[in-house]
Amino acid sequence: MDPELFRNILLSWHASHERPMPWKGVRDPYRVWLSEIILQQTRVEQGRPYYERFVERFPDVFELARASEDEVFKLWEGLGYYRRARHMLETARRVAFEMGGRFPASYQELLQLKGVGPYSAAAISSFAFNLPHAVVDGNVIRVLARLLGREDPPSTALGKKAFRQLAQDLLDPERPGAHNQAIMDFGASVCTPKAPACSTCPFSAYCIAQKSGRIHKLPVKRAQPDRRVRHFHYLVLQFQDEVFIRQRTDEDIWQKLYEFPLLELPFADASLEQLVQADAWQSWGWHTVPELVSVTPPFRQTLSHQYIHARFWAFRLEQLPSAPPDGCFLTKCENLHTFAWPRILRWYLQDNSLYLKLT
Ligand code: SF4
């Protein structure tokens, strides 16, 4: 398709269909960067309140750079992919303390920042600095694959490269920021994955996928990854008005978030006897098994490469163990809500009277 025609159709569609968002039209590189980091792997509607909270609490990069990791994680809670939050803080500190608070104004330099990949670098450089770099995400790939009838598999390096080149060739060099915003909005609201609005689409006369009946075959799908299933048995050990928790420090999922003492077993339907026989439990030095108050059915969470099945075993302790569970400490139940938890633990806490009566 002729690039000039594509740009004209896209931008005139956008002029009458733009969805207002608090970060749109913003030129401040800090806010553009913040919105891009928050919106990675996150739906716009879900990311919006997080963006607003972060901007309100940290109005500039210096404020964010001075924040503690715990505070940032707490504000981030519920967004998942906590590595993003760690990288965000690392970059804020680098920009604030090593670059005098100025974000670099070139695509290549932006790419050197932790957590900024080709997509974010293109978005920041075009929105904040009006530089001609095309964004390429799932929305853009879907639009281009269908409109141009491309069968390049976007999950491969070659396929990605092909879509990057196509997007770059079509980009409006005069208005790269507006163009990028328009194509992302178009993919999110018109050329959607399951029910594209072809009958009202301004490109329908040119769309190869529509003409050839391949809308639902494009873009070419990737095979689903094999996911590992893990069975977590969380021990909610309550002593008077306190409960044991710990911070996850291992090289594993949910690093730096908080959890209850964990026994990971190869099966979901463990009995109390099996729990008590686990090495970790044995090392805590209890002479008698504490009173079991409740046990939940499995809560399930799907991560990109893992399925997590978690059961929660709540015990009331009459005495403390002689050796507390590894890395665990006691905290008041009323303070549980101040820690940052993985999503599956928040589900448990929200459902549970232990938490509800105290918040
Ligand atoms: S005609 Fe349908 S499939 Fe083609 S670009 Fe428009 S919405 Fe997408």
# chains A, B, ... in the order shown; residues from 1 in each chain; ligands from 1
call {"tool": "residues_near_ligand", "arguments": {"ligand": "ligand 1", "cutoff": "12 Å", "atoms": "only C-alpha atoms and all ligand atoms", "output": "PyMOL selection string"}}
result
chain A and resi 1+6+9-10+13+139-150+183+186-219
call {"tool": "residues_around", "arguments": {"residues": "region 158-175 of chain A", "least_positions_apart": "5", "cutoff": "7 Å", "atoms": "only C-alpha atoms", "output": "PyMOL selection string"}}
result
chain A and resi 3+7+132-134+136+141+152-153
call {"tool": "write_last_selection", "arguments": {"atoms": "N, CA and C atoms", "output": "PDB file, in the first residue's frame"}}
result
ATOM      1  N   PRO A   3       2.565   4.425   1.059  1.00  0.00           N
ATOM      2  CA  PRO A   3       2.732   4.968   2.411  1.00  0.00           C
ATOM      3  C   PRO A   3       1.956   6.265   2.641  1.00  0.00           C
ATOM      4  N   ARG A   7      -0.855   6.793   5.571  1.00  0.00           N
ATOM      5  CA  ARG A   7      -0.747   7.830   6.615  1.00  0.00           C
ATOM      6  C   ARG A   7      -1.983   8.722   6.630  1.00  0.00           C
ATOM      7  N   PRO A 132      11.780  10.117  14.208  1.00  0.00           N
ATOM      8  CA  PRO A 132      11.046   9.191  13.325  1.00  0.00           C
ATOM      9  C   PRO A 132      11.374   7.712  13.569  1.00  0.00           C
ATOM     10  N   HIS A 133      10.858   7.169  14.663  1.00  0.00           N
ATOM     11  CA  HIS A 133      11.038   5.738  14.950  1.00  0.00           C
ATOM     12  C   HIS A 133       9.667   5.108  15.125  1.00  0.00           C
ATOM     13  N   ALA A 134       9.402   4.068  14.353  1.00  0.00           N
ATOM     14  CA  ALA A 134       8.075   3.440  14.374  1.00  0.00           C
ATOM     15  C   ALA A 134       7.963   2.471  15.545  1.00  0.00           C
ATOM     16  N   VAL A 136       6.502  -0.881  17.224  1.00  0.00           N
ATOM     17  CA  VAL A 136       5.997  -2.161  16.723  1.00  0.00           C
ATOM     18  C   VAL A 136       5.633  -3.021  17.921  1.00  0.00           C
ATOM     19  N   ILE A 141       1.600  -5.047  14.676  1.00  0.00           N
ATOM     20  CA  ILE A 141       1.840  -6.239  13.851  1.00  0.00           C
ATOM     21  C   ILE A 141       0.527  -6.779  13.285  1.00  0.00           C
ATOM     22  N   ASP A 152       4.594 -13.397   7.606  1.00  0.00           N
ATOM     23  CA  ASP A 152       5.841 -13.539   8.383  1.00  0.00           C
ATOM     24  C   ASP A 152       5.467 -13.867   9.831  1.00  0.00           C
ATOM     25  N   PRO A 153       6.069 -14.917  10.410  1.00  0.00           N
ATOM     26  CA  PRO A 153       5.715 -15.232  11.810  1.00  0.00           C
ATOM     27  C   PRO A 153       6.354 -14.233  12.774  1.00  0.00           C
TER      28      PRO A 153
END
call {"tool": "select_by_dssp", "arguments": {"residues": "region 103-234 of chain A", "states": "helix (DSSP H, G or I)", "output": "count of residues only"}}
result
66
call {"tool": "select_by_dssp", "arguments": {"residues": "region 253-287 of chain A", "states": "strand (DSSP E or B)", "output": "list of chain:residue names"}}
result
A:Tyr258, A:Glu259, A:Leu262, A:Leu263, A:Glu264, A:Leu265
call {"tool": "closest_residue", "arguments": {"among": "A:His87, A:His287, A:Arg311, A:Lys221", "to": "Leu263 (chain A)", "atoms": "only C-alpha atoms"}}
result
A:Arg311
call {"tool": "closest_residue", "arguments": {"among": "A:His337, A:Arg248, A:His14, A:Arg84", "to": "Leu39 (chain A)", "atoms": "only C-alpha atoms"}}
result
A:Arg84
